[in-house]
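Below: structure-v4.cif (mmCIF, N, CA and C atoms and all ligand atoms)
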data_my_file
loop_
_atom_site.label_atom_id
_atom_site.label_comp_id
_atom_site.auth_asym_id
_atom_site.auth_seq_id
_atom_site.Cartn_x
_atom_site.Cartn_y
_atom_site.Cartn_z
N MET A 478 5.74 -0.85 -2.60
CA MET A 478 5.91 0.55 -2.24
C MET A 478 7.37 0.94 -2.45
N ALA A 479 7.57 2.11 -3.02
CA ALA A 479 8.92 2.64 -3.20
C ALA A 479 9.07 3.88 -2.33
N ILE A 480 10.20 3.94 -1.64
CA ILE A 480 10.53 5.11 -0.83
C ILE A 480 11.78 5.71 -1.46
N ILE A 481 11.67 6.96 -1.87
CA ILE A 481 12.76 7.59 -2.61
C ILE A 481 13.20 8.84 -1.86
N HIS A 482 14.48 8.85 -1.52
CA HIS A 482 15.06 10.03 -0.87
C HIS A 482 15.82 10.80 -1.96
N PHE A 483 15.31 11.94 -2.34
CA PHE A 483 15.97 12.77 -3.35
C PHE A 483 16.92 13.73 -2.65
N ALA A 484 18.15 13.79 -3.15
CA ALA A 484 19.14 14.67 -2.52
C ALA A 484 19.94 15.40 -3.59
N ALA A 485 19.96 16.72 -3.46
CA ALA A 485 20.77 17.56 -4.35
C ALA A 485 20.97 18.88 -3.64
N SER A 486 21.77 19.75 -4.23
CA SER A 486 21.94 21.07 -3.66
C SER A 486 20.58 21.76 -3.59
N GLY A 487 20.15 22.12 -2.41
CA GLY A 487 18.86 22.79 -2.25
C GLY A 487 17.66 21.86 -2.25
N VAL A 488 17.91 20.56 -2.31
CA VAL A 488 16.80 19.58 -2.34
C VAL A 488 17.06 18.48 -1.32
N ASP A 489 16.12 18.25 -0.43
CA ASP A 489 16.18 17.13 0.51
C ASP A 489 14.73 16.69 0.69
N ARG A 490 14.32 15.70 -0.08
CA ARG A 490 12.90 15.39 -0.17
C ARG A 490 12.71 13.88 -0.20
N THR A 491 11.78 13.37 0.58
CA THR A 491 11.47 11.95 0.55
C THR A 491 10.06 11.77 0.01
N VAL A 492 9.93 10.86 -0.94
CA VAL A 492 8.64 10.59 -1.58
C VAL A 492 8.35 9.09 -1.43
N THR A 493 7.15 8.77 -1.01
CA THR A 493 6.72 7.38 -0.91
C THR A 493 5.58 7.16 -1.90
N ILE A 494 5.72 6.15 -2.74
CA ILE A 494 4.67 5.89 -3.72
C ILE A 494 4.36 4.40 -3.76
N ASP A 495 3.17 4.08 -4.17
CA ASP A 495 2.80 2.69 -4.45
C ASP A 495 2.95 2.46 -5.94
N VAL A 496 3.61 1.38 -6.29
CA VAL A 496 3.74 1.01 -7.69
C VAL A 496 2.94 -0.27 -7.89
N ALA A 497 1.85 -0.18 -8.64
CA ALA A 497 0.99 -1.35 -8.86
C ALA A 497 1.73 -2.38 -9.70
N PRO A 498 1.42 -3.67 -9.46
CA PRO A 498 2.06 -4.70 -10.29
C PRO A 498 1.80 -4.42 -11.77
N GLY A 499 2.85 -4.49 -12.55
CA GLY A 499 2.73 -4.26 -13.98
C GLY A 499 2.81 -2.79 -14.38
N GLU A 500 2.76 -1.89 -13.39
CA GLU A 500 2.85 -0.46 -13.69
C GLU A 500 4.32 -0.08 -13.84
N ARG A 501 4.62 0.78 -14.82
CA ARG A 501 6.00 1.23 -14.99
C ARG A 501 6.06 2.69 -14.60
N ARG A 502 6.66 2.94 -13.43
CA ARG A 502 6.88 4.32 -12.98
C ARG A 502 8.38 4.56 -12.97
N THR A 503 8.80 5.60 -13.62
CA THR A 503 10.23 5.90 -13.63
C THR A 503 10.56 6.92 -12.55
N LEU A 504 11.83 6.94 -12.19
CA LEU A 504 12.29 7.93 -11.23
C LEU A 504 11.96 9.33 -11.71
N LEU A 505 12.17 9.59 -12.99
CA LEU A 505 11.92 10.94 -13.50
C LEU A 505 10.44 11.29 -13.40
N SER A 506 9.56 10.38 -13.72
CA SER A 506 8.13 10.71 -13.67
C SER A 506 7.70 11.01 -12.24
N VAL A 507 8.23 10.26 -11.27
CA VAL A 507 7.88 10.50 -9.87
C VAL A 507 8.46 11.85 -9.42
N ALA A 508 9.71 12.11 -9.82
CA ALA A 508 10.32 13.39 -9.46
C ALA A 508 9.48 14.55 -10.01
N ARG A 509 9.08 14.45 -11.25
CA ARG A 509 8.30 15.54 -11.86
C ARG A 509 6.95 15.69 -11.17
N ASP A 510 6.30 14.57 -10.85
CA ASP A 510 5.00 14.63 -10.17
C ASP A 510 5.09 15.32 -8.81
N HIS A 511 6.29 15.25 -8.19
CA HIS A 511 6.46 15.79 -6.84
C HIS A 511 7.32 17.05 -6.80
N GLY A 512 7.54 17.65 -7.95
CA GLY A 512 8.27 18.91 -7.99
C GLY A 512 9.74 18.81 -7.66
N VAL A 513 10.32 17.62 -7.82
CA VAL A 513 11.76 17.44 -7.57
C VAL A 513 12.49 17.79 -8.88
N PRO A 514 13.41 18.76 -8.82
CA PRO A 514 13.96 19.33 -10.07
C PRO A 514 15.12 18.55 -10.69
N ILE A 515 14.87 17.31 -11.07
CA ILE A 515 15.88 16.58 -11.84
C ILE A 515 15.83 17.11 -13.27
N LEU A 516 17.01 17.45 -13.79
CA LEU A 516 17.07 17.94 -15.17
C LEU A 516 16.66 16.83 -16.13
N PHE A 517 16.07 17.19 -17.24
CA PHE A 517 15.71 16.20 -18.25
C PHE A 517 15.54 16.91 -19.59
N ASN A 518 15.50 16.12 -20.63
CA ASN A 518 15.27 16.67 -21.95
C ASN A 518 14.41 15.70 -22.76
N CYS A 519 15.02 14.60 -23.24
CA CYS A 519 14.33 13.72 -24.19
C CYS A 519 13.29 12.80 -23.53
N GLU A 520 13.51 12.41 -22.28
CA GLU A 520 12.67 11.44 -21.56
C GLU A 520 12.63 10.08 -22.24
N ALA A 521 13.62 9.79 -23.06
CA ALA A 521 13.63 8.54 -23.81
C ALA A 521 14.97 7.81 -23.75
N GLY A 522 15.85 8.21 -22.85
CA GLY A 522 17.14 7.53 -22.74
C GLY A 522 18.12 7.92 -23.82
N GLY A 523 17.94 9.09 -24.42
CA GLY A 523 18.79 9.46 -25.53
C GLY A 523 19.71 10.65 -25.32
N CYS A 524 19.54 11.42 -24.23
CA CYS A 524 20.32 12.66 -24.11
C CYS A 524 21.26 12.68 -22.91
N GLY A 525 20.94 11.99 -21.85
CA GLY A 525 21.80 11.96 -20.66
C GLY A 525 21.57 13.10 -19.69
N ALA A 526 20.62 13.96 -19.96
CA ALA A 526 20.38 15.10 -19.06
C ALA A 526 19.92 14.67 -17.67
N CYS A 527 19.29 13.51 -17.58
CA CYS A 527 18.68 13.07 -16.32
C CYS A 527 19.60 12.14 -15.52
N LEU A 528 20.90 12.27 -15.71
CA LEU A 528 21.87 11.42 -15.02
C LEU A 528 21.72 11.55 -13.50
N VAL A 529 21.63 10.41 -12.81
CA VAL A 529 21.50 10.40 -11.35
C VAL A 529 22.40 9.30 -10.78
N HIS A 530 22.60 9.37 -9.48
CA HIS A 530 23.31 8.32 -8.76
C HIS A 530 22.31 7.70 -7.79
N VAL A 531 22.15 6.38 -7.86
CA VAL A 531 21.15 5.69 -7.05
C VAL A 531 21.84 4.70 -6.12
N ASP A 532 21.45 4.76 -4.85
CA ASP A 532 21.97 3.82 -3.84
C ASP A 532 20.81 3.20 -3.09
N THR A 533 20.98 1.95 -2.66
CA THR A 533 19.99 1.37 -1.76
C THR A 533 20.27 1.89 -0.36
N VAL A 534 19.24 1.91 0.48
CA VAL A 534 19.40 2.45 1.82
C VAL A 534 20.07 1.44 2.73
N ALA A 535 19.68 0.18 2.64
CA ALA A 535 20.21 -0.83 3.56
C ALA A 535 20.74 -2.03 2.78
N VAL A 536 21.78 -2.63 3.33
CA VAL A 536 22.32 -3.85 2.73
C VAL A 536 21.24 -4.93 2.81
N GLY A 537 21.09 -5.70 1.75
CA GLY A 537 20.09 -6.75 1.75
C GLY A 537 18.76 -6.31 1.19
N GLU A 538 18.66 -5.03 0.87
CA GLU A 538 17.44 -4.53 0.22
C GLU A 538 17.32 -5.14 -1.17
N ARG A 539 16.13 -4.99 -1.75
CA ARG A 539 15.96 -5.39 -3.15
C ARG A 539 17.03 -4.67 -3.97
N PRO A 540 17.70 -5.38 -4.88
CA PRO A 540 18.71 -4.72 -5.69
C PRO A 540 18.10 -3.62 -6.54
N LEU A 541 18.96 -2.74 -7.00
CA LEU A 541 18.50 -1.68 -7.89
C LEU A 541 17.87 -2.28 -9.14
N ALA A 542 17.02 -1.50 -9.79
CA ALA A 542 16.41 -1.96 -11.04
C ALA A 542 17.50 -2.26 -12.05
N PRO A 543 17.30 -3.29 -12.87
CA PRO A 543 18.32 -3.62 -13.87
C PRO A 543 18.49 -2.50 -14.89
N LEU A 544 19.69 -2.42 -15.45
CA LEU A 544 19.95 -1.44 -16.51
C LEU A 544 19.07 -1.74 -17.72
N THR A 545 18.54 -0.69 -18.33
CA THR A 545 17.82 -0.88 -19.58
C THR A 545 18.83 -0.80 -20.73
N GLU A 546 18.41 -1.24 -21.90
CA GLU A 546 19.30 -1.17 -23.06
C GLU A 546 19.68 0.28 -23.39
N PRO A 547 18.72 1.24 -23.36
CA PRO A 547 19.13 2.63 -23.60
C PRO A 547 20.16 3.13 -22.59
N GLU A 548 20.02 2.71 -21.32
CA GLU A 548 21.02 3.11 -20.31
C GLU A 548 22.39 2.53 -20.66
N LYS A 549 22.43 1.25 -21.02
CA LYS A 549 23.72 0.63 -21.36
C LYS A 549 24.39 1.41 -22.48
N PHE A 550 23.63 1.70 -23.52
CA PHE A 550 24.20 2.38 -24.69
C PHE A 550 24.65 3.79 -24.34
N LEU A 551 23.76 4.56 -23.73
CA LEU A 551 24.07 5.98 -23.51
C LEU A 551 25.14 6.16 -22.43
N LEU A 552 25.06 5.40 -21.34
CA LEU A 552 26.05 5.57 -20.27
C LEU A 552 27.45 5.18 -20.74
N GLN A 553 27.54 4.23 -21.66
CA GLN A 553 28.85 3.93 -22.25
C GLN A 553 29.28 5.07 -23.18
N SER A 554 28.35 5.59 -23.96
CA SER A 554 28.68 6.71 -24.85
C SER A 554 29.16 7.92 -24.08
N MET A 555 28.61 8.12 -22.87
CA MET A 555 28.98 9.26 -22.03
C MET A 555 30.22 8.97 -21.19
N HIS A 556 30.78 7.77 -21.35
CA HIS A 556 31.95 7.32 -20.57
C HIS A 556 31.66 7.31 -19.07
N ARG A 557 30.43 7.03 -18.72
CA ARG A 557 30.04 6.88 -17.31
C ARG A 557 30.14 5.43 -16.88
N LEU A 558 30.03 4.52 -17.84
CA LEU A 558 30.20 3.08 -17.60
C LEU A 558 31.00 2.50 -18.75
N THR A 559 31.73 1.43 -18.43
CA THR A 559 32.42 0.69 -19.48
C THR A 559 31.70 -0.64 -19.69
N GLU A 560 32.05 -1.29 -20.78
CA GLU A 560 31.51 -2.63 -21.02
C GLU A 560 31.85 -3.55 -19.84
N HIS A 561 33.07 -3.38 -19.33
CA HIS A 561 33.51 -4.18 -18.18
C HIS A 561 32.63 -3.90 -16.96
N ASP A 562 32.32 -2.64 -16.69
CA ASP A 562 31.45 -2.29 -15.56
C ASP A 562 30.11 -3.01 -15.68
N ILE A 563 29.56 -3.01 -16.88
CA ILE A 563 28.24 -3.61 -17.10
C ILE A 563 28.30 -5.12 -16.92
N GLU A 564 29.33 -5.74 -17.48
CA GLU A 564 29.48 -7.20 -17.33
C GLU A 564 29.70 -7.58 -15.87
N ALA A 565 30.53 -6.81 -15.19
CA ALA A 565 30.82 -7.11 -13.78
C ALA A 565 29.55 -6.96 -12.94
N ALA A 566 28.77 -5.93 -13.23
CA ALA A 566 27.53 -5.71 -12.49
C ALA A 566 26.56 -6.86 -12.73
N GLN A 567 26.49 -7.33 -13.97
CA GLN A 567 25.59 -8.45 -14.27
C GLN A 567 26.04 -9.71 -13.55
N GLN A 568 27.35 -9.95 -13.49
CA GLN A 568 27.85 -11.15 -12.82
C GLN A 568 27.58 -11.09 -11.32
N ARG A 569 27.69 -9.91 -10.74
CA ARG A 569 27.44 -9.75 -9.30
C ARG A 569 25.95 -9.68 -8.99
N GLY A 570 25.14 -9.40 -10.01
CA GLY A 570 23.70 -9.24 -9.77
C GLY A 570 23.38 -7.92 -9.09
N VAL A 571 24.30 -6.97 -9.21
CA VAL A 571 24.11 -5.65 -8.59
C VAL A 571 24.25 -4.59 -9.68
N PRO A 572 23.15 -4.04 -10.14
CA PRO A 572 23.22 -3.04 -11.20
C PRO A 572 24.04 -1.82 -10.77
N PRO A 573 24.63 -1.12 -11.73
CA PRO A 573 25.45 0.06 -11.42
C PRO A 573 24.62 1.16 -10.76
N HIS A 574 25.31 2.05 -10.07
CA HIS A 574 24.64 3.15 -9.36
C HIS A 574 24.40 4.36 -10.27
N VAL A 575 25.18 4.47 -11.34
CA VAL A 575 24.99 5.58 -12.27
C VAL A 575 23.84 5.22 -13.20
N ARG A 576 22.81 6.05 -13.22
CA ARG A 576 21.60 5.69 -13.95
C ARG A 576 20.99 6.90 -14.66
N LEU A 577 20.01 6.58 -15.50
CA LEU A 577 19.21 7.62 -16.15
C LEU A 577 17.83 7.61 -15.49
N ALA A 578 17.43 8.73 -14.93
CA ALA A 578 16.16 8.79 -14.19
C ALA A 578 14.96 8.48 -15.08
N CYS A 579 15.05 8.79 -16.36
CA CYS A 579 13.91 8.55 -17.25
C CYS A 579 13.80 7.08 -17.63
N GLN A 580 14.80 6.28 -17.29
CA GLN A 580 14.80 4.87 -17.64
C GLN A 580 14.67 3.96 -16.43
N TYR A 581 14.94 4.49 -15.25
CA TYR A 581 14.95 3.67 -14.03
C TYR A 581 13.52 3.37 -13.60
N ALA A 582 13.13 2.11 -13.71
CA ALA A 582 11.77 1.69 -13.36
C ALA A 582 11.71 1.28 -11.89
N LEU A 583 10.85 1.94 -11.13
CA LEU A 583 10.75 1.70 -9.69
C LEU A 583 9.99 0.43 -9.38
N GLY A 584 10.40 -0.21 -8.29
CA GLY A 584 9.67 -1.37 -7.75
C GLY A 584 9.52 -1.17 -6.26
N ASP A 585 9.56 -2.26 -5.49
CA ASP A 585 9.52 -2.15 -4.03
C ASP A 585 10.94 -1.95 -3.54
N GLU A 586 11.28 -0.73 -3.22
CA GLU A 586 12.65 -0.47 -2.82
C GLU A 586 12.71 0.85 -2.07
N GLU A 587 13.78 1.00 -1.31
CA GLU A 587 14.06 2.29 -0.67
C GLU A 587 15.42 2.72 -1.16
N ILE A 588 15.46 3.86 -1.82
CA ILE A 588 16.69 4.30 -2.48
C ILE A 588 16.97 5.77 -2.18
N VAL A 589 18.25 6.10 -2.32
CA VAL A 589 18.68 7.49 -2.24
C VAL A 589 19.12 7.90 -3.65
N VAL A 590 18.56 8.98 -4.14
CA VAL A 590 18.85 9.45 -5.49
C VAL A 590 19.54 10.81 -5.41
N SER A 591 20.81 10.85 -5.83
CA SER A 591 21.56 12.10 -5.86
C SER A 591 21.61 12.59 -7.30
N PHE A 592 21.55 13.89 -7.46
CA PHE A 592 21.51 14.42 -8.82
C PHE A 592 21.92 15.88 -8.84
N MET A 593 22.22 16.35 -10.06
CA MET A 593 22.45 17.78 -10.29
C MET A 593 21.07 18.39 -10.53
N SER A 594 20.75 19.44 -9.83
CA SER A 594 19.45 20.06 -10.04
C SER A 594 19.61 21.40 -10.75
N ASP A 595 18.49 21.96 -11.16
CA ASP A 595 18.58 23.28 -11.76
C ASP A 595 18.62 24.36 -10.67
N LEU A 596 18.75 23.90 -9.41
CA LEU A 596 18.90 24.85 -8.30
C LEU A 596 20.37 25.09 -7.98
N GLY A 597 21.26 24.33 -8.63
CA GLY A 597 22.69 24.47 -8.36
C GLY A 597 23.36 23.14 -8.44
N SER A 598 24.66 23.13 -8.38
CA SER A 598 25.39 21.87 -8.43
C SER A 598 25.59 21.35 -7.02
N HIS A 599 25.89 20.04 -6.91
CA HIS A 599 26.13 19.45 -5.60
C HIS A 599 27.48 18.80 -5.55
S1 LIG B 601 15.88 12.79 -20.24
FE1 LIG B 601 17.19 12.25 -21.90
S2 LIG B 601 18.16 10.45 -21.19
FE2 LIG B 601 16.72 10.88 -19.63
#
As structure tokens, please, write out the structure in this file.
Amino acid sequence: MAIIHFAASGVDRTVTIDVAPGERRTLLSVARDHGVPILFNCEAGGCGACLVHVDTVAVGERPLAPLTEPEKFLLQSMHRLTEHDIEAAQQRGVPPHVRLACQYALGDEEIVVSFMSDLGSH
């Protein structure tokens, strides 16, 4: 089960979903299913429109989902992460908090997702 607290200007919404083993549910797909206005465009990790900040709720929780290859490439291109950030995160076993909602695959976790919405900036 994933518990997601979405937070943005004009948005304060908690969504709880079951993710079946082997099922790939992304943050963006869940947000869209529940009317949470995360901006998006390509839905393929290529544009950066769905940039979000993800935090775990409690220390000791399941770590954040690992970075995907499209996230590594695009977040570096956008100067949101450096190669050093990615290597350091891998060594610590703690993925970065800056993520792409269309690439972040949910598992059993409770997270807070902050983002820019089309309702205003935060
Ligand atoms: S919608 Fe384009 S990178 Fe996520």
Query - Nearest-residue call for A:Gly522, choices A:Ser554, A:Gln580, A:Thr491, A:Gln567, using all atoms listed in the file - result: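 That would be A:Gln580, the residue with the smallest distance to A:Gly522.
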Would you list the residues that come within 5 Å of ligand LIG 601 (chain B)? Count only N, CA and C atoms and all ligand atoms and give the answer as a PyMOL selection string. chain A and resi 517-527+579
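Nearest to A:Arg502 of all the residues A:Val529, A:Asp562, A:Met478, A:Gln568 is A:Met478, counting only C-alpha atoms.
Among the candidates A:Ala582, A:Met555, A:Ile588, A:Met593, the one nearest to A:Ser506 when counting only C-alpha atoms is A:Ala582.
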| Point (5.7, 1.0, -6.9), cut-off 6 Å, counting only C-alpha atoms, residues as a list in words |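 Answer for this query, in the requested form: Met478, Ala479, Ile494, Asp495, Val496, Ala497, Leu583, Gly584 and Asp585 of chain A.
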**Prompt:** Within 8 Å of A:Glu587, counting all atoms listed in the file, which residues qualify if same-chain residues fewer than 3 places away don't, as an MDAnalysis selection string?
**Reply:** chainID A and resid 478:482 532:535 538:539 584 590
(message) Counting all atoms listed in the file, find residues at most 6 Å from (14.8, 0.2, -15.5) (file frame) and give them as a list in words.
(response)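 The residues near that point, listed by chain and number, are Ala542, Pro543, Leu544, Thr545, Gln580, Tyr581 and Ala582 of chain A.
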* Where does DSSP see alpha helix (DSSP H) in stretch 491-593 of chain A, if you list the residues as an NGL selection string? -> :A and (504-510 or 546-554 or 560-569)
Which is closest to A:Ser486 among A:Arg576, A:Val531, A:Ser591, A:Glu564, if we use only N, CA and C atoms?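 The answer is A:Ser591, which sits nearest to A:Ser486.
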**d(atom N of A:Lys549, atom N of A:Pro498) in Å** =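 Rounded to one decimal, the two atoms are 24.5 Å apart.
Closest approach to A:Gln553 from the set A:Val571, A:Leu577, A:Leu541, A:Leu516 is made by A:Leu577, with distances taken over only C-alpha atoms.
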Self-check item: Sel. of strand (DSSP E) residues, stretch 500-561 of chain A, as a ChimeraX atom specification
Solution: /A:528-533
Generate the missing atoms of stretch 539-550 of chain A up to all heavy atoms and report them as a compact mmCIF listing (two decimals), in the frame of the given file.
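The new file result_32.txt reads:
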# COMPACT_ATOMS: atom_id res chain seq x y z
N ARG A 539 16.13 -4.99 -1.75
CA ARG A 539 15.96 -5.39 -3.15
C ARG A 539 17.03 -4.67 -3.97
O ARG A 539 17.25 -3.47 -3.78
CB ARG A 539 14.57 -4.95 -3.61
CG ARG A 539 14.28 -5.19 -5.07
CD ARG A 539 12.92 -4.57 -5.40
NE ARG A 539 12.56 -4.77 -6.78
CZ ARG A 539 12.91 -3.95 -7.77
NH1 ARG A 539 13.66 -2.90 -7.52
NH2 ARG A 539 12.52 -4.19 -9.00
N PRO A 540 17.70 -5.38 -4.88
CA PRO A 540 18.71 -4.72 -5.69
C PRO A 540 18.10 -3.62 -6.54
O PRO A 540 16.90 -3.60 -6.78
CB PRO A 540 19.27 -5.84 -6.57
CG PRO A 540 18.62 -7.09 -6.15
CD PRO A 540 17.52 -6.78 -5.19
N LEU A 541 18.96 -2.74 -7.00
CA LEU A 541 18.50 -1.68 -7.89
C LEU A 541 17.87 -2.28 -9.14
O LEU A 541 18.17 -3.41 -9.52
CB LEU A 541 19.67 -0.79 -8.29
CG LEU A 541 20.42 -0.11 -7.16
CD1 LEU A 541 21.61 0.67 -7.71
CD2 LEU A 541 19.50 0.79 -6.36
N ALA A 542 17.02 -1.50 -9.79
CA ALA A 542 16.41 -1.96 -11.04
C ALA A 542 17.50 -2.26 -12.05
O ALA A 542 18.53 -1.58 -12.09
CB ALA A 542 15.48 -0.87 -11.57
N PRO A 543 17.30 -3.29 -12.87
CA PRO A 543 18.32 -3.62 -13.87
C PRO A 543 18.49 -2.50 -14.89
O PRO A 543 17.55 -1.75 -15.16
CB PRO A 543 17.78 -4.89 -14.54
CG PRO A 543 16.38 -5.06 -14.08
CD PRO A 543 16.15 -4.18 -12.90
N LEU A 544 19.69 -2.42 -15.45
CA LEU A 544 19.95 -1.44 -16.51
C LEU A 544 19.07 -1.74 -17.72
O LEU A 544 18.91 -2.89 -18.10
CB LEU A 544 21.40 -1.54 -16.97
CG LEU A 544 22.48 -0.84 -16.18
CD1 LEU A 544 23.85 -1.23 -16.75
CD2 LEU A 544 22.32 0.66 -16.17
N THR A 545 18.54 -0.69 -18.33
CA THR A 545 17.82 -0.88 -19.58
C THR A 545 18.83 -0.80 -20.73
O THR A 545 19.95 -0.31 -20.56
CB THR A 545 16.75 0.22 -19.77
OG1 THR A 545 17.41 1.48 -19.88
CG2 THR A 545 15.77 0.24 -18.61
N GLU A 546 18.41 -1.24 -21.90
CA GLU A 546 19.30 -1.17 -23.06
C GLU A 546 19.68 0.28 -23.39
O GLU A 546 20.85 0.55 -23.67
CB GLU A 546 18.67 -1.87 -24.27
CG GLU A 546 18.59 -3.39 -24.12
CD GLU A 546 19.94 -4.04 -23.84
OE1 GLU A 546 20.94 -3.65 -24.48
OE2 GLU A 546 20.02 -4.91 -22.96
N PRO A 547 18.72 1.24 -23.36
CA PRO A 547 19.13 2.63 -23.60
C PRO A 547 20.16 3.13 -22.59
O PRO A 547 21.07 3.88 -22.93
CB PRO A 547 17.81 3.42 -23.49
CG PRO A 547 16.76 2.43 -23.86
CD PRO A 547 17.26 1.11 -23.30
N GLU A 548 20.02 2.71 -21.32
CA GLU A 548 21.02 3.11 -20.31
C GLU A 548 22.39 2.53 -20.66
O GLU A 548 23.40 3.22 -20.57
CB GLU A 548 20.61 2.64 -18.92
CG GLU A 548 19.51 3.46 -18.28
CD GLU A 548 19.17 2.95 -16.89
OE1 GLU A 548 18.76 1.77 -16.78
OE2 GLU A 548 19.32 3.72 -15.94
N LYS A 549 22.43 1.25 -21.02
CA LYS A 549 23.72 0.63 -21.36
C LYS A 549 24.39 1.41 -22.48
O LYS A 549 25.57 1.73 -22.41
CB LYS A 549 23.53 -0.84 -21.78
CG LYS A 549 23.16 -1.76 -20.65
CD LYS A 549 22.94 -3.16 -21.18
CE LYS A 549 22.37 -4.07 -20.11
NZ LYS A 549 22.00 -5.39 -20.64
N PHE A 550 23.63 1.70 -23.52
CA PHE A 550 24.20 2.38 -24.69
C PHE A 550 24.65 3.79 -24.34
O PHE A 550 25.80 4.19 -24.60
CB PHE A 550 23.18 2.40 -25.83
CG PHE A 550 23.68 3.11 -27.04
CD1 PHE A 550 24.54 2.48 -27.93
CD2 PHE A 550 23.31 4.43 -27.29
CE1 PHE A 550 25.03 3.15 -29.04
CE2 PHE A 550 23.80 5.10 -28.41
CZ PHE A 550 24.66 4.45 -29.28
